[in-house]
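What follows is a set of notes on a single structure, which appears directly below.
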Amino acid sequence: TFGHIFRVTTFGESHCKGVGCIVDGVPPGMELVEADIQGQLDRRRPGQNALTTKRDEKDKVTIMSGTEFGLTLGSPIGLFVPNEDQRPGDYSEMRAIPRPSHADFTYMLKYGIRSSSGGGRSSARETIGRVAAGAIAEKWLKLKYGVEIVAWVSAVGDISADTSLELNRELSREIIDQNIIRCPDLTAAAQMEKVVAAARDDQDSIGGVVTCVCRNVPAGWGEPCFDKLEAMMAHAMLSIPATKGFEIGSGFAGTKLRGSKHNDPFVMKNGKLSTVTNNSGGIQGGISNGEDVVIRVAFKPPATIGQSQETADFEGISAVLNAKGRHDPCVVARAVPIVEAMAALVLIDAGLTQLARNVGAIKKPPTVAA
């Protein structure tokens with residue numbers, strides 16, 4: 001379960017009958033139908049092109065509860081997506097041999113049992129519920145505050161996109177989706193596609209980075225000291241399967257600058273106090289400052305590869321793993337809507353929390369007697 005006011009509980013495993021989520025805390029009276037959710041699920045689904053897993057899932061969502069006549073009721077919303085192309089037999093060899101750098105080993109240590117078919121809850125199919133819930137959150141954020149969330153692939157292996165894309169407020173999902181790697185820097189995108197294809201052809205995998213920009217986020221969101229907005233973003237992003245790093249604003253590169261270069265001076269823009277630069281990534285002191293929230297998420301090379309790997313089984317006996325199944329050679333293109341969804345879940349929780357604070361606030365402090 002993720003969230004405090006807007007709470008999302010996902011369910012299901014990679015090769016069970018289906019996956020989904022329960023979303024509690026959705027404000028009532030908002031128009032909501034399956035089409036509002038399906039678009040993001042289509043961007044996440046497997047089998048999209050030659051650079052993704054060949055698992056053929058349509059990932060059609062059904063709203064099971066929480067709406068009537070196309071309006072949210074304020075009660076929990078149940079969402080379900082069937083698994084239609086399960087092949088648990090592909091994982092028979094992995095019942096005895098944990099995949100190197102995969103959750104097979106740690107799930108067995110923690111629970112004493114595991115779903116050997118596709119990784120169970122550690123599979124990326126768990127993120128279907130997140131993406132579905134994120135689409136609901138994103139609709140509310142857009143209607144209430146005009147928030148826009150857009151993510152793209154900014155690196156694959158050692159190929160990186162132009163960082164100035166973070167400043168391009170015209171960048172849209174339609175532009176990003178014009179190539180299969182979801183990188184709006186077309187020169188870098190062509191190189192990235194070749195890198196992923198080469199890893200696929202070698203029965204190997206490669207990692208990358210997803211950049212996400214959240215526009216029109218109101219100032220004042222975030223809960224110091226322990227639920228700072230960037231802390232919740234990091235929590236959300238690092239809960240996504242295969243993530244290994246998180247940055248906000250200048251990130252690790254900012255450590256190379258002096259304060260005189262890193263600081264974001266204030267200036268009046270369109271009648272409000274803003275900043276000249278955005279090294280802070282839209283958050284200061286754990287609270288949004290009204291600038292774009294800019295984050296980056298690093299994804300490791302997928303652990304399941306087709307190459308034979310010398311390793312050991314659960315008994316510690318040397319073994320050679322010849323992993324079967326259908327797996328992505330690189331996850332970042334399909335991770336784009338997942339990153340957007342988790343950003344939306346963080347922002348709606350922060351927004352609803354601030355709304356509650358504003359409603360309860362005493363607008364004029366009482367006069368203190370002399």
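In the structure tokens, chains take the letters A, B, ... in the order shown, each chain's residues start at 1, and ligands count up from 1 in the order shown.
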For region 194-201 of chain A, work out the shell of residues within 7 Å, counting only C-alpha atoms and skipping chain neighbours fewer than 3 positions away, then give it as a count of residues only. 8
So that each row is one residue of region 36-78 of chain A with an atom at most 12 Å from region 337-349 of chain A, can you give its shortest atom pair and the distance in Å to one decimal, using only C-alpha atoms, rows by chain and rising number, as a tab-separated table?
```
residue	atom	partner	partner_atom	distance
A:Ile37	CA	A:Ala341	CA	10.8
A:Gln38	CA	A:Pro337	CA	11.6
A:Gly39	CA	A:Pro337	CA	9.7
A:Gln40	CA	A:Pro337	CA	6.2
A:Leu41	CA	A:Pro337	CA	7.9
A:Asp42	CA	A:Pro337	CA	9.3
A:Arg43	CA	A:Pro337	CA	6.5
A:Arg44	CA	A:Pro337	CA	6.1
A:Arg45	CA	A:Pro337	CA	9.8
```
Same residues, all heavy atoms, saved as a PDB file, in the first residue's frame:
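Listing of result_4.pdb after writing:
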```pdb
ATOM      1  N   ILE A  37      -8.042   5.684 -18.052  1.00  0.00           N
ATOM      2  CA  ILE A  37      -6.951   4.895 -17.481  1.00  0.00           C
ATOM      3  C   ILE A  37      -6.191   4.123 -18.550  1.00  0.00           C
ATOM      4  O   ILE A  37      -4.970   3.945 -18.469  1.00  0.00           O
ATOM      5  CB  ILE A  37      -7.522   3.908 -16.435  1.00  0.00           C
ATOM      6  CG1 ILE A  37      -8.251   4.686 -15.333  1.00  0.00           C
ATOM      7  CG2 ILE A  37      -6.440   3.011 -15.854  1.00  0.00           C
ATOM      8  CD1 ILE A  37      -9.092   3.811 -14.424  1.00  0.00           C
ATOM      9  N   GLN A  38      -6.900   3.689 -19.595  1.00  0.00           N
ATOM     10  CA  GLN A  38      -6.345   2.748 -20.563  1.00  0.00           C
ATOM     11  C   GLN A  38      -5.139   3.292 -21.320  1.00  0.00           C
ATOM     12  O   GLN A  38      -4.213   2.548 -21.648  1.00  0.00           O
ATOM     13  CB  GLN A  38      -7.425   2.315 -21.555  1.00  0.00           C
ATOM     14  CG  GLN A  38      -7.029   1.119 -22.410  1.00  0.00           C
ATOM     15  CD  GLN A  38      -6.752  -0.117 -21.567  1.00  0.00           C
ATOM     16  OE1 GLN A  38      -7.579  -0.510 -20.745  1.00  0.00           O
ATOM     17  NE2 GLN A  38      -5.584  -0.714 -21.762  1.00  0.00           N
ATOM     18  N   GLY A  39      -5.132   4.577 -21.601  1.00  0.00           N
ATOM     19  CA  GLY A  39      -4.035   5.149 -22.379  1.00  0.00           C
ATOM     20  C   GLY A  39      -2.673   4.910 -21.758  1.00  0.00           C
ATOM     21  O   GLY A  39      -1.719   4.519 -22.453  1.00  0.00           O
ATOM     22  N   GLN A  40      -2.565   5.124 -20.453  1.00  0.00           N
ATOM     23  CA  GLN A  40      -1.280   4.904 -19.774  1.00  0.00           C
ATOM     24  C   GLN A  40      -0.946   3.418 -19.684  1.00  0.00           C
ATOM     25  O   GLN A  40       0.229   3.030 -19.782  1.00  0.00           O
ATOM     26  CB  GLN A  40      -1.298   5.532 -18.390  1.00  0.00           C
ATOM     27  CG  GLN A  40      -1.130   7.045 -18.377  1.00  0.00           C
ATOM     28  CD  GLN A  40       0.253   7.486 -18.823  1.00  0.00           C
ATOM     29  OE1 GLN A  40       0.556   7.511 -20.019  1.00  0.00           O
ATOM     30  NE2 GLN A  40       1.093   7.838 -17.863  1.00  0.00           N
ATOM     31  N   LEU A  41      -1.956   2.568 -19.511  1.00  0.00           N
ATOM     32  CA  LEU A  41      -1.698   1.125 -19.502  1.00  0.00           C
ATOM     33  C   LEU A  41      -1.197   0.652 -20.860  1.00  0.00           C
ATOM     34  O   LEU A  41      -0.346  -0.235 -20.942  1.00  0.00           O
ATOM     35  CB  LEU A  41      -2.969   0.370 -19.115  1.00  0.00           C
ATOM     36  CG  LEU A  41      -3.403   0.490 -17.653  1.00  0.00           C
ATOM     37  CD1 LEU A  41      -4.712  -0.255 -17.429  1.00  0.00           C
ATOM     38  CD2 LEU A  41      -2.326  -0.044 -16.705  1.00  0.00           C
ATOM     39  N   ASP A  42      -1.716   1.243 -21.933  1.00  0.00           N
ATOM     40  CA  ASP A  42      -1.251   0.872 -23.272  1.00  0.00           C
ATOM     41  C   ASP A  42       0.216   1.240 -23.458  1.00  0.00           C
ATOM     42  O   ASP A  42       0.956   0.537 -24.150  1.00  0.00           O
ATOM     43  CB  ASP A  42      -2.099   1.575 -24.340  1.00  0.00           C
ATOM     44  CG  ASP A  42      -3.505   1.005 -24.440  1.00  0.00           C
ATOM     45  OD1 ASP A  42      -3.755  -0.090 -23.911  1.00  0.00           O
ATOM     46  OD2 ASP A  42      -4.357   1.681 -25.055  1.00  0.00           O
ATOM     47  N   ARG A  43       0.639   2.343 -22.863  1.00  0.00           N
ATOM     48  CA  ARG A  43       2.045   2.747 -22.975  1.00  0.00           C
ATOM     49  C   ARG A  43       2.946   1.837 -22.151  1.00  0.00           C
ATOM     50  O   ARG A  43       4.131   1.687 -22.466  1.00  0.00           O
ATOM     51  CB  ARG A  43       2.216   4.194 -22.515  1.00  0.00           C
ATOM     52  CG  ARG A  43       1.438   5.210 -23.347  1.00  0.00           C
ATOM     53  CD  ARG A  43       1.570   6.604 -22.777  1.00  0.00           C
ATOM     54  NE  ARG A  43       2.863   7.197 -23.112  1.00  0.00           N
ATOM     55  CZ  ARG A  43       3.572   7.961 -22.298  1.00  0.00           C
ATOM     56  NH1 ARG A  43       3.127   8.200 -21.064  1.00  0.00           N
ATOM     57  NH2 ARG A  43       4.715   8.486 -22.675  1.00  0.00           N
ATOM     58  N   ARG A  44       2.413   1.237 -21.105  1.00  0.00           N
ATOM     59  CA  ARG A  44       3.193   0.357 -20.240  1.00  0.00           C
ATOM     60  C   ARG A  44       3.224  -1.098 -20.695  1.00  0.00           C
ATOM     61  O   ARG A  44       4.150  -1.853 -20.380  1.00  0.00           O
ATOM     62  CB  ARG A  44       2.612   0.414 -18.813  1.00  0.00           C
ATOM     63  CG  ARG A  44       3.487  -0.170 -17.714  1.00  0.00           C
ATOM     64  CD  ARG A  44       2.690  -1.022 -16.725  1.00  0.00           C
ATOM     65  NE  ARG A  44       2.260  -2.245 -17.346  1.00  0.00           N
ATOM     66  CZ  ARG A  44       2.941  -3.398 -17.291  1.00  0.00           C
ATOM     67  NH1 ARG A  44       4.066  -3.491 -16.623  1.00  0.00           N
ATOM     68  NH2 ARG A  44       2.489  -4.470 -17.906  1.00  0.00           N
ATOM     69  N   ARG A  45       2.222  -1.522 -21.457  1.00  0.00           N
ATOM     70  CA  ARG A  45       2.007  -2.944 -21.706  1.00  0.00           C
ATOM     71  C   ARG A  45       3.168  -3.594 -22.468  1.00  0.00           C
ATOM     72  O   ARG A  45       3.880  -2.925 -23.226  1.00  0.00           O
ATOM     73  CB  ARG A  45       0.691  -3.167 -22.459  1.00  0.00           C
ATOM     74  CG  ARG A  45       0.723  -2.818 -23.938  1.00  0.00           C
ATOM     75  CD  ARG A  45      -0.586  -3.193 -24.617  1.00  0.00           C
ATOM     76  NE  ARG A  45      -0.517  -2.968 -26.049  1.00  0.00           N
ATOM     77  CZ  ARG A  45      -0.041  -3.868 -26.920  1.00  0.00           C
ATOM     78  NH1 ARG A  45       0.407  -5.047 -26.498  1.00  0.00           N
ATOM     79  NH2 ARG A  45       0.010  -3.594 -28.206  1.00  0.00           N
TER      80      ARG A  45
END
```
Shell around Arg182 (chain A) at 10 Å using only C-alpha atoms, local window under 4 positions removed, as number ranges by chain: A: 151-154, 173-178, 186, 189, 192-193, 210, 332-336
Run DSSP on the backbone and grab whatever in region 135-320 of chain A lands in helix (DSSP H, G or I); send it over as a PyMOL selection string. chain A and resi 135-145+163-167+173-176+186-201+229-238+251-256+259-262
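Nearest-residue note for Ile5 (chain A): choosing from A:Asp24, A:Glu148, A:Glu57, A:Asp313, the minimum distance belongs to A:Asp24, counting only C-alpha atoms.
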Could you make a table, as JSON lines, of the residues of region 100-139 of chain A that have an atom within 7 Å of an atom of region 302-306 of chain A, each with its nearest atom pair and distance in Å to one decimal, counting only C-alpha atoms, in chain and number order?
```
{"residue": "A:Pro100", "atom": "CA", "partner": "A:Ala303", "partner_atom": "CA", "distance": 6.6}
{"residue": "A:Ser101", "atom": "CA", "partner": "A:Ala303", "partner_atom": "CA", "distance": 5.7}
{"residue": "A:His102", "atom": "CA", "partner": "A:Ala303", "partner_atom": "CA", "distance": 5.7}
```
Please identify the strand (DSSP E or B) residues within region 35-246 of chain A (assignment by DSSP from backbone atoms) and present them as a ChimeraX atom specification. /A:62-63,67-68,71-72,77-82,148-156,159-160,208-215,223,227,243-246
Output the selection as a CSV table (one decimal), in the first residue's frame - N, CA and C atoms for each residue.
```
chain,number,residue,atom,x,y,z
A,62,THR,N,-10.7,-2.9,-16.2
A,62,THR,CA,-12.2,-2.8,-15.8
A,62,THR,C,-12.3,-2.1,-14.5
A,63,ILE,N,-13.1,-1.1,-14.4
A,63,ILE,CA,-13.5,-0.5,-13.1
A,63,ILE,C,-14.5,-1.4,-12.5
A,67,THR,N,-17.5,3.8,-8.8
A,67,THR,CA,-18.1,4.8,-9.7
A,67,THR,C,-19.5,4.4,-10.0
A,68,GLU,N,-20.3,5.4,-10.4
A,68,GLU,CA,-21.7,5.2,-10.9
A,68,GLU,C,-22.0,6.3,-11.9
A,71,LEU,N,-19.1,8.7,-12.7
A,71,LEU,CA,-18.7,9.6,-11.7
A,71,LEU,C,-18.1,8.9,-10.4
A,72,THR,N,-17.0,9.4,-9.9
A,72,THR,CA,-16.5,8.7,-8.7
A,72,THR,C,-17.4,9.0,-7.5
A,77,ILE,N,-12.1,2.5,-5.2
A,77,ILE,CA,-12.2,2.1,-6.6
A,77,ILE,C,-11.4,0.8,-6.8
A,78,GLY,N,-12.1,-0.2,-7.3
A,78,GLY,CA,-11.4,-1.4,-7.7
A,78,GLY,C,-11.1,-1.5,-9.1
A,79,LEU,N,-9.9,-1.8,-9.5
A,79,LEU,CA,-9.4,-1.9,-10.9
A,79,LEU,C,-8.8,-3.3,-11.1
A,80,PHE,N,-9.2,-3.9,-12.3
A,80,PHE,CA,-8.7,-5.3,-12.6
A,80,PHE,C,-8.3,-5.4,-14.0
A,81,VAL,N,-7.1,-6.1,-14.2
A,81,VAL,CA,-6.6,-6.4,-15.5
A,81,VAL,C,-6.3,-7.8,-15.6
A,82,PRO,N,-6.9,-8.6,-16.5
A,82,PRO,CA,-6.6,-10.0,-16.6
A,82,PRO,C,-5.2,-10.3,-17.2
A,148,GLU,N,0.9,19.0,-15.0
A,148,GLU,CA,1.2,18.2,-16.1
A,148,GLU,C,2.5,17.4,-15.8
A,149,ILE,N,2.4,16.1,-16.1
A,149,ILE,CA,3.6,15.2,-15.8
A,149,ILE,C,4.0,14.6,-17.0
A,150,VAL,N,5.3,14.7,-17.4
A,150,VAL,CA,5.8,14.1,-18.6
A,150,VAL,C,7.2,13.6,-18.3
A,151,ALA,N,7.4,12.3,-18.8
A,151,ALA,CA,8.7,11.6,-18.5
A,151,ALA,C,9.2,11.1,-19.9
A,152,TRP,N,10.5,10.9,-20.0
A,152,TRP,CA,11.1,10.3,-21.2
A,152,TRP,C,12.4,9.6,-20.8
A,153,VAL,N,12.9,8.8,-21.8
A,153,VAL,CA,14.1,8.1,-21.6
A,153,VAL,C,15.3,9.1,-21.9
A,154,SER,N,16.1,9.4,-20.9
A,154,SER,CA,17.2,10.4,-21.1
A,154,SER,C,18.5,9.7,-21.2
A,155,ALA,N,18.6,8.4,-21.0
A,155,ALA,CA,19.9,7.7,-21.2
A,155,ALA,C,19.6,6.2,-21.3
A,156,VAL,N,20.4,5.6,-22.2
A,156,VAL,CA,20.5,4.1,-22.3
A,156,VAL,C,22.0,3.7,-22.4
A,159,ILE,N,24.7,6.3,-23.8
A,159,ILE,CA,24.1,7.3,-24.7
A,159,ILE,C,23.1,8.1,-23.9
A,160,SER,N,23.4,9.4,-23.9
A,160,SER,CA,22.5,10.4,-23.1
A,160,SER,C,21.8,11.4,-24.1
A,208,GLY,N,19.4,2.1,-18.0
A,208,GLY,CA,19.2,3.5,-18.5
A,208,GLY,C,18.6,4.4,-17.5
A,209,VAL,N,18.2,5.6,-17.9
A,209,VAL,CA,17.7,6.6,-17.0
A,209,VAL,C,16.4,7.2,-17.6
A,210,VAL,N,15.4,7.4,-16.7
A,210,VAL,CA,14.2,8.1,-17.1
A,210,VAL,C,14.1,9.5,-16.3
A,211,THR,N,13.9,10.5,-17.1
A,211,THR,CA,13.7,11.9,-16.5
A,211,THR,C,12.3,12.2,-16.5
A,212,CYS,N,11.8,12.8,-15.4
A,212,CYS,CA,10.4,13.2,-15.3
A,212,CYS,C,10.3,14.7,-14.8
A,213,VAL,N,9.5,15.4,-15.5
A,213,VAL,CA,9.2,16.8,-15.1
A,213,VAL,C,7.7,17.0,-14.8
A,214,CYS,N,7.5,17.6,-13.6
A,214,CYS,CA,6.1,17.8,-13.2
A,214,CYS,C,5.9,19.4,-13.2
A,215,ARG,N,5.0,19.8,-14.1
A,215,ARG,CA,4.8,21.3,-14.3
A,215,ARG,C,3.5,21.7,-13.5
A,223,GLU,N,5.8,17.6,3.3
A,223,GLU,CA,5.6,17.6,4.8
A,223,GLU,C,6.9,17.4,5.5
A,227,ASP,N,8.5,13.6,5.7
A,227,ASP,CA,7.8,13.3,4.5
A,227,ASP,C,8.0,14.5,3.5
A,243,THR,N,14.9,-0.3,-10.1
A,243,THR,CA,15.5,1.0,-9.9
A,243,THR,C,16.7,0.9,-9.0
A,244,LYS,N,17.7,1.8,-9.3
A,244,LYS,CA,19.0,1.8,-8.6
A,244,LYS,C,19.5,3.2,-8.2
A,245,GLY,N,18.8,4.2,-8.6
A,245,GLY,CA,19.2,5.5,-8.3
A,245,GLY,C,18.1,6.6,-8.5
A,246,PHE,N,18.3,7.7,-7.7
A,246,PHE,CA,17.3,8.8,-7.8
A,246,PHE,C,18.0,10.1,-7.7
```
Please provide as number ranges by chain all residues within 10 Å of Gly351 (chain A), with the sequence filter that same-chain residues fewer than 4 positions apart are discarded (counting only C-alpha atoms). A: 5-6, 141, 144-145, 217-222, 345-347, 355-357
I need the residues from that last selection saved to file as an mmCIF file, in the first residue's frame (with C-alpha atoms), if you can.
```
data_model
loop_
_atom_site.group_PDB
_atom_site.id
_atom_site.type_symbol
_atom_site.label_atom_id
_atom_site.label_comp_id
_atom_site.auth_asym_id
_atom_site.auth_seq_id
_atom_site.Cartn_x
_atom_site.Cartn_y
_atom_site.Cartn_z
ATOM 1 C CA ILE A 5 -4.883 10.102 2.031
ATOM 2 C CA PHE A 6 -4.912 8.793 -1.552
ATOM 3 C CA LEU A 141 -4.293 16.927 -10.488
ATOM 4 C CA LYS A 144 -7.789 20.833 -9.924
ATOM 5 C CA TYR A 145 -4.423 22.512 -10.478
ATOM 6 C CA VAL A 217 2.875 22.040 -9.107
ATOM 7 C CA PRO A 218 1.590 24.595 -6.579
ATOM 8 C CA ALA A 219 4.015 25.965 -4.030
ATOM 9 C CA GLY A 220 3.674 24.660 -0.480
ATOM 10 C CA TRP A 221 3.355 20.913 -1.029
ATOM 11 C CA GLY A 222 5.434 18.526 1.082
ATOM 12 C CA LEU A 345 0.582 9.388 -6.629
ATOM 13 C CA VAL A 346 3.068 11.430 -4.604
ATOM 14 C CA LEU A 347 1.674 14.745 -5.810
ATOM 15 C CA LEU A 355 -5.919 21.103 1.104
ATOM 16 C CA ALA A 356 -6.791 19.634 4.487
ATOM 17 C CA ARG A 357 -4.345 21.999 6.166
#
```
Give me, please, the distance in Å between CA of Gln307 (chain A) and CA of Ala161 (chain A), quoted to one decimal.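 Separation of CA of Gln307 (chain A) and CA of Ala161 (chain A): 29.2 Å.
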Exercise: Ser14 (chain A) partners within 9 Å, only C-alpha atoms, chain neighbours under 2 positions left out, as a short mmCIF file (atom, residue, chain, number, x, y, z; two decimals) with all heavy atoms, in the first residue's frame:
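The new file selection.cif reads:
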```cif
data_model
loop_
_atom_site.label_atom_id
_atom_site.label_comp_id
_atom_site.auth_asym_id
_atom_site.auth_seq_id
_atom_site.Cartn_x
_atom_site.Cartn_y
_atom_site.Cartn_z
N GLY A 12 -1.91 -9.15 -7.03
CA GLY A 12 -1.69 -10.03 -8.17
C GLY A 12 -0.23 -10.34 -8.42
O GLY A 12 0.67 -9.61 -8.01
N CYS A 16 -0.65 -15.18 -12.35
CA CYS A 16 -1.94 -15.58 -11.78
C CYS A 16 -3.05 -15.15 -12.74
O CYS A 16 -2.80 -14.78 -13.88
CB CYS A 16 -2.12 -14.98 -10.39
SG CYS A 16 -2.32 -13.19 -10.39
N LYS A 17 -4.28 -15.16 -12.30
CA LYS A 17 -5.41 -14.84 -13.20
C LYS A 17 -5.47 -13.38 -13.59
O LYS A 17 -6.05 -13.02 -14.62
CB LYS A 17 -6.72 -15.28 -12.56
CG LYS A 17 -6.87 -16.80 -12.46
CD LYS A 17 -8.22 -17.19 -11.93
CE LYS A 17 -8.38 -18.71 -11.89
NZ LYS A 17 -9.71 -19.12 -11.38
N GLY A 18 -4.90 -12.52 -12.75
CA GLY A 18 -4.93 -11.11 -13.09
C GLY A 18 -4.28 -10.25 -12.03
O GLY A 18 -3.88 -10.74 -10.97
N VAL A 19 -4.16 -8.97 -12.34
CA VAL A 19 -3.55 -8.01 -11.43
C VAL A 19 -4.44 -6.78 -11.35
O VAL A 19 -5.34 -6.59 -12.17
CB VAL A 19 -2.13 -7.61 -11.92
CG1 VAL A 19 -1.18 -8.78 -11.85
CG2 VAL A 19 -2.19 -7.06 -13.35
N ASN A 83 -4.59 -11.40 -16.68
CA ASN A 83 -3.40 -11.96 -17.33
C ASN A 83 -3.88 -12.96 -18.38
O ASN A 83 -4.57 -13.92 -18.05
CB ASN A 83 -2.50 -12.67 -16.32
CG ASN A 83 -1.78 -11.71 -15.40
OD1 ASN A 83 -1.50 -10.58 -15.76
ND2 ASN A 83 -1.47 -12.17 -14.18
N GLN A 86 -0.13 -16.11 -19.89
CA GLN A 86 0.76 -16.69 -18.89
C GLN A 86 1.44 -17.94 -19.43
O GLN A 86 0.81 -18.74 -20.12
CB GLN A 86 -0.01 -17.08 -17.61
CG GLN A 86 -0.95 -16.03 -17.09
CD GLN A 86 -2.37 -16.34 -17.45
OE1 GLN A 86 -2.68 -16.60 -18.60
NE2 GLN A 86 -3.26 -16.31 -16.47
N SER A 115 6.78 -17.24 -5.53
CA SER A 115 6.17 -17.55 -6.82
C SER A 115 7.29 -17.65 -7.84
O SER A 115 7.89 -16.64 -8.22
CB SER A 115 5.18 -16.44 -7.22
OG SER A 115 4.71 -16.64 -8.53
N SER A 117 7.06 -18.46 -10.89
CA SER A 117 6.61 -18.13 -12.25
C SER A 117 6.74 -16.63 -12.50
O SER A 117 5.88 -15.84 -12.08
CB SER A 117 5.16 -18.56 -12.45
OG SER A 117 5.00 -19.94 -12.23
N GLY A 118 7.81 -16.22 -13.12
CA GLY A 118 7.97 -14.83 -13.51
C GLY A 118 8.34 -13.88 -12.39
O GLY A 118 8.42 -12.68 -12.60
N GLY A 119 8.55 -14.38 -11.19
CA GLY A 119 8.95 -13.51 -10.09
C GLY A 119 7.83 -13.06 -9.19
O GLY A 119 8.05 -12.37 -8.20
N GLY A 120 6.58 -13.42 -9.53
CA GLY A 120 5.46 -13.09 -8.64
C GLY A 120 5.31 -11.60 -8.43
O GLY A 120 5.23 -10.83 -9.38
N ARG A 121 5.29 -11.18 -7.17
CA ARG A 121 5.09 -9.77 -6.84
C ARG A 121 6.29 -8.91 -7.23
O ARG A 121 6.16 -7.69 -7.34
CB ARG A 121 4.82 -9.62 -5.35
CG ARG A 121 3.48 -10.15 -4.91
CD ARG A 121 2.34 -9.28 -5.35
NE ARG A 121 2.26 -8.04 -4.60
CZ ARG A 121 1.50 -7.01 -4.95
NH1 ARG A 121 0.79 -7.06 -6.06
NH2 ARG A 121 1.47 -5.92 -4.21
N SER A 122 7.46 -9.51 -7.41
CA SER A 122 8.63 -8.72 -7.83
C SER A 122 8.64 -8.47 -9.32
O SER A 122 9.48 -7.73 -9.83
CB SER A 122 9.92 -9.43 -7.41
OG SER A 122 10.10 -10.64 -8.13
N SER A 123 7.71 -9.07 -10.04
CA SER A 123 7.60 -8.85 -11.48
C SER A 123 7.09 -7.44 -11.77
O SER A 123 6.33 -6.86 -11.00
CB SER A 123 6.63 -9.87 -12.09
OG SER A 123 6.27 -9.50 -13.41
N ALA A 124 7.48 -6.91 -12.92
CA ALA A 124 7.00 -5.59 -13.32
C ALA A 124 5.50 -5.57 -13.59
O ALA A 124 4.91 -4.49 -13.69
CB ALA A 124 7.76 -5.11 -14.56
N ARG A 125 4.84 -6.73 -13.71
CA ARG A 125 3.38 -6.72 -13.90
C ARG A 125 2.66 -6.16 -12.68
O ARG A 125 1.52 -5.69 -12.79
CB ARG A 125 2.85 -8.11 -14.25
CG ARG A 125 3.08 -8.45 -15.71
CD ARG A 125 2.20 -9.56 -16.24
NE ARG A 125 0.80 -9.24 -16.40
CZ ARG A 125 0.30 -8.45 -17.35
NH1 ARG A 125 1.10 -7.85 -18.20
NH2 ARG A 125 -1.00 -8.27 -17.44
N GLU A 126 3.32 -6.18 -11.53
CA GLU A 126 2.73 -5.54 -10.36
C GLU A 126 2.48 -4.06 -10.60
O GLU A 126 1.56 -3.48 -10.01
CB GLU A 126 3.66 -5.75 -9.15
CG GLU A 126 3.18 -5.10 -7.85
CD GLU A 126 3.63 -3.66 -7.69
OE1 GLU A 126 4.68 -3.30 -8.27
OE2 GLU A 126 2.93 -2.90 -7.00
#
```
Pick out the closest residue to Trp140 (chain A) from this set: A:Lys58, A:Asp292, A:Ser274, A:Leu32. Count only C-alpha atoms.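 Checking each of A:Lys58, A:Asp292, A:Ser274, A:Leu32 against Trp140 (chain A), counting only C-alpha atoms, the winner is A:Leu32.
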Pick out the residues sitting within 9 Å of Ala50 (chain A), and hand them over as an NGL selection string; count only C-alpha atoms, and ignore anything fewer than 3 positions along from it in its own chain. :A and (47 or 53-54 or 180 or 197)
For the selection you just gave me, I'd like the residues written to a file as a tab-separated table (two decimals), in the first residue's frame, keeping N, CA and C atoms.
```tsv
chain	number	residue	atom	x	y	z
A	47	GLY	N	4.99	-6.28	-25.28
A	47	GLY	CA	4.74	-6.63	-26.67
A	47	GLY	C	4.49	-5.46	-27.58
A	53	THR	N	9.63	-7.07	-24.34
A	53	THR	CA	9.29	-8.48	-24.19
A	53	THR	C	8.21	-8.88	-25.20
A	54	LYS	N	8.23	-10.16	-25.60
A	54	LYS	CA	7.25	-10.65	-26.57
A	54	LYS	C	5.96	-11.14	-25.92
A	180	ILE	N	10.16	4.46	-30.57
A	180	ILE	CA	9.88	3.34	-29.67
A	180	ILE	C	10.70	3.36	-28.39
A	197	ALA	N	18.92	-3.00	-29.17
A	197	ALA	CA	18.83	-4.11	-30.12
A	197	ALA	C	20.06	-5.01	-30.05
```
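CA of Ser260 (chain A) lies 21.4 Å from CA of Thr163 (chain A).
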At a cut-off of 12 Å, using only C-alpha atoms, what residues contact Phe314 (chain A)? Leave out same-chain residues fewer than 3 positions from it and give the result as a ChimeraX atom specification. /A:93-100,104-106,108-109,112,311,317-319
